[in-house]
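Participant: Next comes the structure file protein10.cif, holding mmCIF, N, CA and C atoms.
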```cif
data_target
loop_
_atom_site.label_atom_id
_atom_site.label_comp_id
_atom_site.auth_asym_id
_atom_site.auth_seq_id
_atom_site.Cartn_x
_atom_site.Cartn_y
_atom_site.Cartn_z
N MET A 14 6.05 -7.42 -4.08
CA MET A 14 4.96 -7.80 -4.91
C MET A 14 4.43 -6.58 -5.63
N ARG A 15 3.63 -6.82 -6.65
CA ARG A 15 3.11 -5.75 -7.50
C ARG A 15 1.60 -5.62 -7.38
N GLN A 16 1.14 -4.41 -7.66
CA GLN A 16 -0.29 -4.14 -7.68
C GLN A 16 -0.97 -5.11 -8.64
N GLY A 17 -2.08 -5.69 -8.19
CA GLY A 17 -2.82 -6.65 -9.01
C GLY A 17 -2.45 -8.10 -8.74
N GLU A 18 -1.37 -8.33 -8.02
CA GLU A 18 -0.98 -9.70 -7.69
C GLU A 18 -1.71 -10.17 -6.42
N TRP A 19 -1.69 -11.47 -6.23
CA TRP A 19 -2.29 -12.06 -5.03
C TRP A 19 -1.21 -12.34 -4.01
N ILE A 20 -1.54 -12.11 -2.74
CA ILE A 20 -0.68 -12.51 -1.63
C ILE A 20 -1.20 -13.86 -1.14
N TYR A 21 -0.31 -14.80 -0.97
CA TYR A 21 -0.64 -16.07 -0.34
C TYR A 21 0.15 -16.12 0.95
N LEU A 22 -0.49 -15.79 2.05
CA LEU A 22 0.16 -15.73 3.36
C LEU A 22 -0.19 -17.00 4.12
N THR A 23 0.76 -17.92 4.19
CA THR A 23 0.53 -19.19 4.88
C THR A 23 1.02 -19.09 6.31
N VAL A 24 0.13 -19.39 7.24
CA VAL A 24 0.44 -19.35 8.67
C VAL A 24 0.43 -20.78 9.19
N GLU A 25 1.54 -21.20 9.77
CA GLU A 25 1.64 -22.52 10.38
C GLU A 25 1.65 -22.33 11.89
N ASN A 26 0.69 -22.91 12.56
CA ASN A 26 0.56 -22.73 14.00
C ASN A 26 1.39 -23.77 14.74
N LYS A 27 2.47 -23.31 15.36
CA LYS A 27 3.32 -24.20 16.15
C LYS A 27 3.16 -23.95 17.64
N THR A 28 2.07 -23.28 18.02
CA THR A 28 1.81 -23.02 19.43
C THR A 28 0.84 -24.07 19.97
N ASN A 29 0.47 -23.91 21.22
CA ASN A 29 -0.50 -24.82 21.84
C ASN A 29 -1.92 -24.26 21.82
N HIS A 30 -2.14 -23.15 21.13
CA HIS A 30 -3.44 -22.48 21.13
C HIS A 30 -3.83 -22.11 19.70
N PRO A 31 -5.13 -22.04 19.42
CA PRO A 31 -5.57 -21.55 18.09
C PRO A 31 -5.06 -20.13 17.87
N THR A 32 -4.85 -19.78 16.60
CA THR A 32 -4.40 -18.43 16.28
C THR A 32 -5.09 -17.92 15.03
N PHE A 33 -4.87 -16.66 14.71
CA PHE A 33 -5.45 -15.99 13.55
C PHE A 33 -4.43 -14.94 13.09
N VAL A 34 -4.60 -14.43 11.87
CA VAL A 34 -3.77 -13.33 11.40
C VAL A 34 -4.68 -12.30 10.74
N HIS A 35 -4.44 -11.03 11.07
CA HIS A 35 -5.22 -9.93 10.52
C HIS A 35 -4.29 -9.05 9.67
N VAL A 36 -4.70 -8.77 8.42
CA VAL A 36 -3.93 -7.93 7.52
C VAL A 36 -4.58 -6.56 7.46
N HIS A 37 -3.78 -5.52 7.69
CA HIS A 37 -4.29 -4.15 7.68
C HIS A 37 -4.16 -3.51 6.31
N GLY A 38 -5.19 -2.76 5.91
CA GLY A 38 -5.09 -1.87 4.76
C GLY A 38 -5.59 -2.40 3.44
N LEU A 39 -5.73 -3.70 3.29
CA LEU A 39 -6.23 -4.26 2.04
C LEU A 39 -7.59 -4.90 2.28
N PRO A 40 -8.62 -4.43 1.59
CA PRO A 40 -9.94 -5.06 1.74
C PRO A 40 -9.87 -6.53 1.34
N LYS A 41 -10.61 -7.32 2.07
CA LYS A 41 -10.63 -8.76 1.84
C LYS A 41 -11.98 -9.31 2.29
N PRO A 42 -12.34 -10.51 1.86
CA PRO A 42 -13.61 -11.10 2.34
C PRO A 42 -13.59 -11.25 3.86
N ASN A 43 -14.75 -11.16 4.47
CA ASN A 43 -14.83 -11.30 5.93
C ASN A 43 -14.20 -12.60 6.42
N SER A 44 -14.30 -13.65 5.62
CA SER A 44 -13.72 -14.93 6.03
C SER A 44 -12.19 -14.88 6.08
N GLN A 45 -11.59 -13.86 5.49
CA GLN A 45 -10.14 -13.71 5.50
C GLN A 45 -9.69 -12.61 6.46
N ASN A 46 -10.62 -12.06 7.25
CA ASN A 46 -10.35 -10.91 8.09
C ASN A 46 -9.35 -11.19 9.21
N GLY A 47 -9.40 -12.37 9.80
CA GLY A 47 -8.46 -12.71 10.86
C GLY A 47 -8.76 -12.04 12.19
N ALA A 48 -9.97 -11.55 12.36
CA ALA A 48 -10.37 -10.92 13.63
C ALA A 48 -11.68 -11.56 14.07
N PRO A 49 -11.61 -12.67 14.80
CA PRO A 49 -12.83 -13.40 15.15
C PRO A 49 -13.82 -12.61 16.00
N ALA A 50 -13.35 -11.61 16.73
CA ALA A 50 -14.29 -10.80 17.52
C ALA A 50 -15.19 -9.98 16.60
N ILE A 51 -14.70 -9.66 15.40
CA ILE A 51 -15.47 -8.88 14.44
C ILE A 51 -16.20 -9.80 13.47
N GLU A 52 -15.53 -10.83 13.02
CA GLU A 52 -16.10 -11.75 12.03
C GLU A 52 -15.96 -13.20 12.51
N PRO A 53 -17.07 -13.77 13.02
CA PRO A 53 -17.01 -15.15 13.54
C PRO A 53 -16.62 -16.19 12.50
N ALA A 54 -16.76 -15.87 11.20
CA ALA A 54 -16.39 -16.83 10.15
C ALA A 54 -14.89 -16.94 9.97
N THR A 55 -14.12 -16.13 10.68
CA THR A 55 -12.66 -16.19 10.59
C THR A 55 -12.19 -17.59 10.93
N PRO A 56 -11.38 -18.20 10.06
CA PRO A 56 -10.90 -19.55 10.35
C PRO A 56 -9.91 -19.56 11.51
N ARG A 57 -10.12 -20.46 12.44
CA ARG A 57 -9.16 -20.66 13.53
C ARG A 57 -8.09 -21.62 13.04
N ILE A 58 -6.86 -21.24 13.28
CA ILE A 58 -5.75 -22.10 12.90
C ILE A 58 -5.33 -22.85 14.16
N ASN A 59 -5.74 -24.09 14.25
CA ASN A 59 -5.50 -24.88 15.45
C ASN A 59 -4.04 -25.32 15.53
N PRO A 60 -3.58 -25.70 16.73
CA PRO A 60 -2.20 -26.16 16.88
C PRO A 60 -1.87 -27.28 15.89
N GLY A 61 -0.72 -27.15 15.25
CA GLY A 61 -0.29 -28.16 14.29
C GLY A 61 -0.89 -28.00 12.90
N GLU A 62 -1.79 -27.05 12.72
CA GLU A 62 -2.42 -26.84 11.42
C GLU A 62 -1.85 -25.60 10.74
N SER A 63 -2.15 -25.46 9.46
CA SER A 63 -1.77 -24.25 8.74
C SER A 63 -2.97 -23.76 7.94
N TYR A 64 -2.92 -22.50 7.57
CA TYR A 64 -3.99 -21.89 6.78
C TYR A 64 -3.35 -20.86 5.86
N THR A 65 -3.84 -20.79 4.63
CA THR A 65 -3.32 -19.81 3.68
C THR A 65 -4.37 -18.74 3.41
N TYR A 66 -4.02 -17.51 3.77
CA TYR A 66 -4.86 -16.36 3.46
C TYR A 66 -4.55 -15.95 2.02
N LYS A 67 -5.58 -15.65 1.23
CA LYS A 67 -5.42 -15.23 -0.16
C LYS A 67 -6.00 -13.83 -0.29
N ILE A 68 -5.14 -12.85 -0.56
CA ILE A 68 -5.56 -11.45 -0.56
C ILE A 68 -5.06 -10.78 -1.84
N LEU A 69 -5.96 -10.07 -2.54
CA LEU A 69 -5.60 -9.36 -3.75
C LEU A 69 -4.98 -8.01 -3.41
N CYS A 70 -3.82 -7.73 -3.96
CA CYS A 70 -3.14 -6.44 -3.74
C CYS A 70 -3.64 -5.47 -4.81
N TRP A 71 -4.76 -4.90 -4.60
CA TRP A 71 -5.36 -4.02 -5.61
C TRP A 71 -4.89 -2.58 -5.48
N LYS A 72 -4.23 -2.23 -4.36
CA LYS A 72 -3.68 -0.88 -4.23
C LYS A 72 -2.24 -0.96 -3.75
N THR A 73 -1.51 0.13 -3.98
CA THR A 73 -0.09 0.16 -3.61
C THR A 73 0.07 0.72 -2.21
N GLY A 74 1.21 0.43 -1.62
CA GLY A 74 1.50 0.98 -0.30
C GLY A 74 2.23 -0.02 0.58
N THR A 75 2.36 0.36 1.83
CA THR A 75 2.99 -0.48 2.84
C THR A 75 1.91 -0.96 3.79
N PHE A 76 1.86 -2.25 4.04
CA PHE A 76 0.81 -2.86 4.84
C PHE A 76 1.44 -3.77 5.88
N PHE A 77 0.67 -4.10 6.91
CA PHE A 77 1.22 -5.03 7.88
C PHE A 77 0.17 -6.02 8.34
N TYR A 78 0.65 -7.10 8.91
CA TYR A 78 -0.22 -8.15 9.44
C TYR A 78 0.22 -8.47 10.86
N HIS A 79 -0.71 -9.00 11.64
CA HIS A 79 -0.41 -9.37 13.03
C HIS A 79 -1.49 -10.30 13.54
N SER A 80 -1.22 -10.91 14.65
CA SER A 80 -2.26 -11.68 15.34
C SER A 80 -3.01 -10.71 16.24
N PRO A 81 -4.35 -10.74 16.23
CA PRO A 81 -5.09 -9.86 17.12
C PRO A 81 -5.07 -10.33 18.57
N GLU A 82 -4.44 -11.45 18.83
CA GLU A 82 -4.40 -11.96 20.19
C GLU A 82 -3.28 -11.30 20.98
N ALA A 83 -3.57 -10.94 22.19
CA ALA A 83 -2.68 -10.11 23.02
C ALA A 83 -1.27 -10.69 23.18
N PHE A 84 -1.13 -12.00 23.30
CA PHE A 84 0.19 -12.56 23.61
C PHE A 84 0.97 -12.98 22.36
N LYS A 85 0.32 -13.06 21.22
CA LYS A 85 1.03 -13.54 20.04
C LYS A 85 1.74 -12.43 19.29
N MET A 86 1.14 -11.26 19.17
CA MET A 86 1.79 -10.17 18.44
C MET A 86 3.09 -9.76 19.11
N PRO A 87 3.11 -9.52 20.42
CA PRO A 87 4.37 -9.10 21.03
C PRO A 87 5.47 -10.15 20.96
N GLN A 88 5.10 -11.39 20.75
CA GLN A 88 6.10 -12.45 20.69
C GLN A 88 6.53 -12.76 19.26
N GLY A 89 6.16 -11.92 18.31
CA GLY A 89 6.71 -12.07 16.98
C GLY A 89 5.75 -12.32 15.85
N LEU A 90 4.46 -12.53 16.11
CA LEU A 90 3.54 -12.77 15.01
C LEU A 90 3.08 -11.43 14.44
N ILE A 91 4.01 -10.79 13.72
CA ILE A 91 3.77 -9.49 13.11
C ILE A 91 4.74 -9.36 11.93
N GLY A 92 4.31 -8.69 10.89
CA GLY A 92 5.17 -8.49 9.74
C GLY A 92 4.62 -7.43 8.82
N ALA A 93 5.38 -7.07 7.81
CA ALA A 93 4.98 -6.04 6.87
C ALA A 93 5.33 -6.47 5.45
N PHE A 94 4.66 -5.84 4.49
CA PHE A 94 4.97 -6.08 3.09
C PHE A 94 4.65 -4.82 2.29
N ILE A 95 5.29 -4.69 1.16
CA ILE A 95 5.15 -3.51 0.31
C ILE A 95 4.58 -3.94 -1.03
N VAL A 96 3.55 -3.25 -1.48
CA VAL A 96 2.97 -3.49 -2.80
C VAL A 96 3.41 -2.35 -3.71
N LEU A 97 4.16 -2.68 -4.74
CA LEU A 97 4.69 -1.69 -5.68
C LEU A 97 3.71 -1.47 -6.83
N PRO A 98 3.73 -0.27 -7.41
CA PRO A 98 2.86 -0.01 -8.55
C PRO A 98 3.32 -0.76 -9.79
N ASN A 99 2.41 -0.97 -10.72
CA ASN A 99 2.76 -1.63 -11.98
C ASN A 99 3.59 -0.73 -12.88
N ASN A 100 3.44 0.57 -12.72
CA ASN A 100 4.14 1.53 -13.55
C ASN A 100 5.60 1.62 -13.11
N GLU A 101 6.50 1.19 -13.96
CA GLU A 101 7.93 1.18 -13.62
C GLU A 101 8.46 2.57 -13.26
N GLU A 102 7.86 3.62 -13.79
CA GLU A 102 8.36 4.98 -13.56
C GLU A 102 8.08 5.48 -12.15
N THR A 103 7.13 4.87 -11.46
CA THR A 103 6.77 5.37 -10.12
C THR A 103 7.32 4.50 -9.00
N ILE A 104 8.16 3.55 -9.31
CA ILE A 104 8.72 2.68 -8.27
C ILE A 104 9.76 3.47 -7.47
N PRO A 105 9.66 3.47 -6.13
CA PRO A 105 10.64 4.19 -5.33
C PRO A 105 12.02 3.53 -5.42
N HIS A 106 13.05 4.34 -5.26
CA HIS A 106 14.41 3.80 -5.29
C HIS A 106 14.72 3.02 -4.01
N HIS A 107 14.16 3.47 -2.90
CA HIS A 107 14.36 2.81 -1.61
C HIS A 107 13.03 2.80 -0.87
N ASP A 108 12.77 1.72 -0.21
CA ASP A 108 11.56 1.62 0.60
C ASP A 108 11.92 0.81 1.83
N TYR A 109 11.66 1.36 3.01
CA TYR A 109 12.05 0.70 4.25
C TYR A 109 10.83 0.51 5.14
N VAL A 110 10.84 -0.56 5.91
CA VAL A 110 9.81 -0.81 6.90
C VAL A 110 10.51 -1.00 8.24
N LEU A 111 10.02 -0.32 9.25
CA LEU A 111 10.57 -0.45 10.59
C LEU A 111 9.42 -0.77 11.54
N LEU A 112 9.46 -1.93 12.14
CA LEU A 112 8.46 -2.33 13.14
C LEU A 112 9.10 -2.23 14.50
N VAL A 113 8.54 -1.43 15.36
CA VAL A 113 9.08 -1.24 16.71
C VAL A 113 8.01 -1.61 17.71
N GLN A 114 8.38 -2.39 18.70
CA GLN A 114 7.43 -2.75 19.75
C GLN A 114 8.18 -3.06 21.03
N GLN A 115 7.47 -2.98 22.11
CA GLN A 115 8.03 -3.30 23.42
C GLN A 115 7.13 -4.34 24.06
N TRP A 116 7.73 -5.31 24.70
CA TRP A 116 6.93 -6.32 25.36
C TRP A 116 7.71 -6.97 26.48
N GLU A 117 6.98 -7.59 27.38
CA GLU A 117 7.58 -8.38 28.44
C GLU A 117 6.58 -9.43 28.89
N ILE A 118 7.07 -10.52 29.40
CA ILE A 118 6.20 -11.55 29.95
C ILE A 118 6.37 -11.51 31.46
N LEU A 119 5.29 -11.22 32.14
CA LEU A 119 5.33 -11.19 33.59
C LEU A 119 5.10 -12.60 34.12
N SER A 120 5.83 -13.00 35.13
CA SER A 120 5.77 -14.38 35.63
C SER A 120 4.37 -14.78 36.05
N ARG A 121 3.55 -13.88 36.53
CA ARG A 121 2.20 -14.27 36.95
C ARG A 121 1.31 -14.67 35.78
N TYR A 122 1.70 -14.28 34.55
CA TYR A 122 0.89 -14.63 33.37
C TYR A 122 1.40 -15.85 32.62
N ILE A 123 2.59 -16.28 32.93
CA ILE A 123 3.20 -17.37 32.15
C ILE A 123 2.34 -18.62 32.17
N THR A 124 1.81 -19.03 33.26
CA THR A 124 1.03 -20.25 33.30
C THR A 124 -0.26 -20.12 32.51
N SER A 125 -0.79 -18.91 32.34
CA SER A 125 -2.06 -18.77 31.60
C SER A 125 -1.85 -18.79 30.09
N ILE A 126 -0.63 -18.56 29.59
CA ILE A 126 -0.42 -18.55 28.16
C ILE A 126 0.30 -19.79 27.63
N LEU A 127 0.82 -20.61 28.51
CA LEU A 127 1.54 -21.81 28.05
C LEU A 127 0.63 -22.99 27.89
#
```
Once more with this new file: its structure as structure tokens, please.

Facilitator:
Amino acid sequence: MRQGEWIYLTVENKTNHPTFVHVHGLPKPNSQNGAPAIEPATPRINPGESYTYKILCWKTGTFFYHSPEAFKMPQGLIGAFIVLPNNEETIPHHDYVLLVQQWEILSRYITSIL
């Protein structure tokens, strides 16, 4: 995507619990923050529902999103995106994103998250 464009990040909740998504690095309205502990107006995405976050890419760079909930991020609710400048002369020839994480599900916790 390019600087000045809008991101439409649609999250479809296929779990049995409400979820949220938090985007790092781009200012957004509190209602789009995705961190209910910080902003109670954050929309909860209930099981079977979807929600579209609308965020303006006003600056360039590499950004990421994740669920602030402890069990959802390690299980895959995380991603990254790159916002390129409008100026064709400053576009990098190569841009890579590497997300590295370690996780495990301990049997004593399985019943509390299912």

Participant: Within 8 Å of stretch 16-30 of chain A, counting only N, CA and C atoms, which residues qualify if same-chain residues fewer than 4 places away don't, as a PyMOL selection string?

Facilitator: chain A and resi 34+57-74+95-100+126-127

Participant: To box stretch 63-68 of chain A, take all atoms listed in the file, fit an axis-aligned box, add 3 Å on each side, and give centre and edge lengths in Å to one decimal, as AutoDock Vina command-line options.

Facilitator:
```
--center_x -3.9 --center_y -18.1 --center_z 3.8 --size_x 10.2 --size_y 20.7 --size_z 17.3
```

Participant: Nearest to A:Pro31: which of A:Thr75, A:Tyr109, A:Ser80, A:Glu52 is it, counting only C-alpha atoms?

Facilitator: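 Comparing A:Thr75, A:Tyr109, A:Ser80, A:Glu52 against A:Pro31, the winner is A:Ser80.
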
Participant: So how many Å separate atom CA of A:Phe76 and atom CA of A:Gly92, to one decimal?

Facilitator: 8.6 Å

Participant: Find the distance between atom C of A:Phe33 and atom CA of A:Phe94 and write it in Å to one decimal.

Facilitator: 16.3 Å

Participant: Between atom N of A:Val113 and atom C of A:Lys41, what distance in Å does the model show, to one decimal?

Facilitator: 25.6 Å
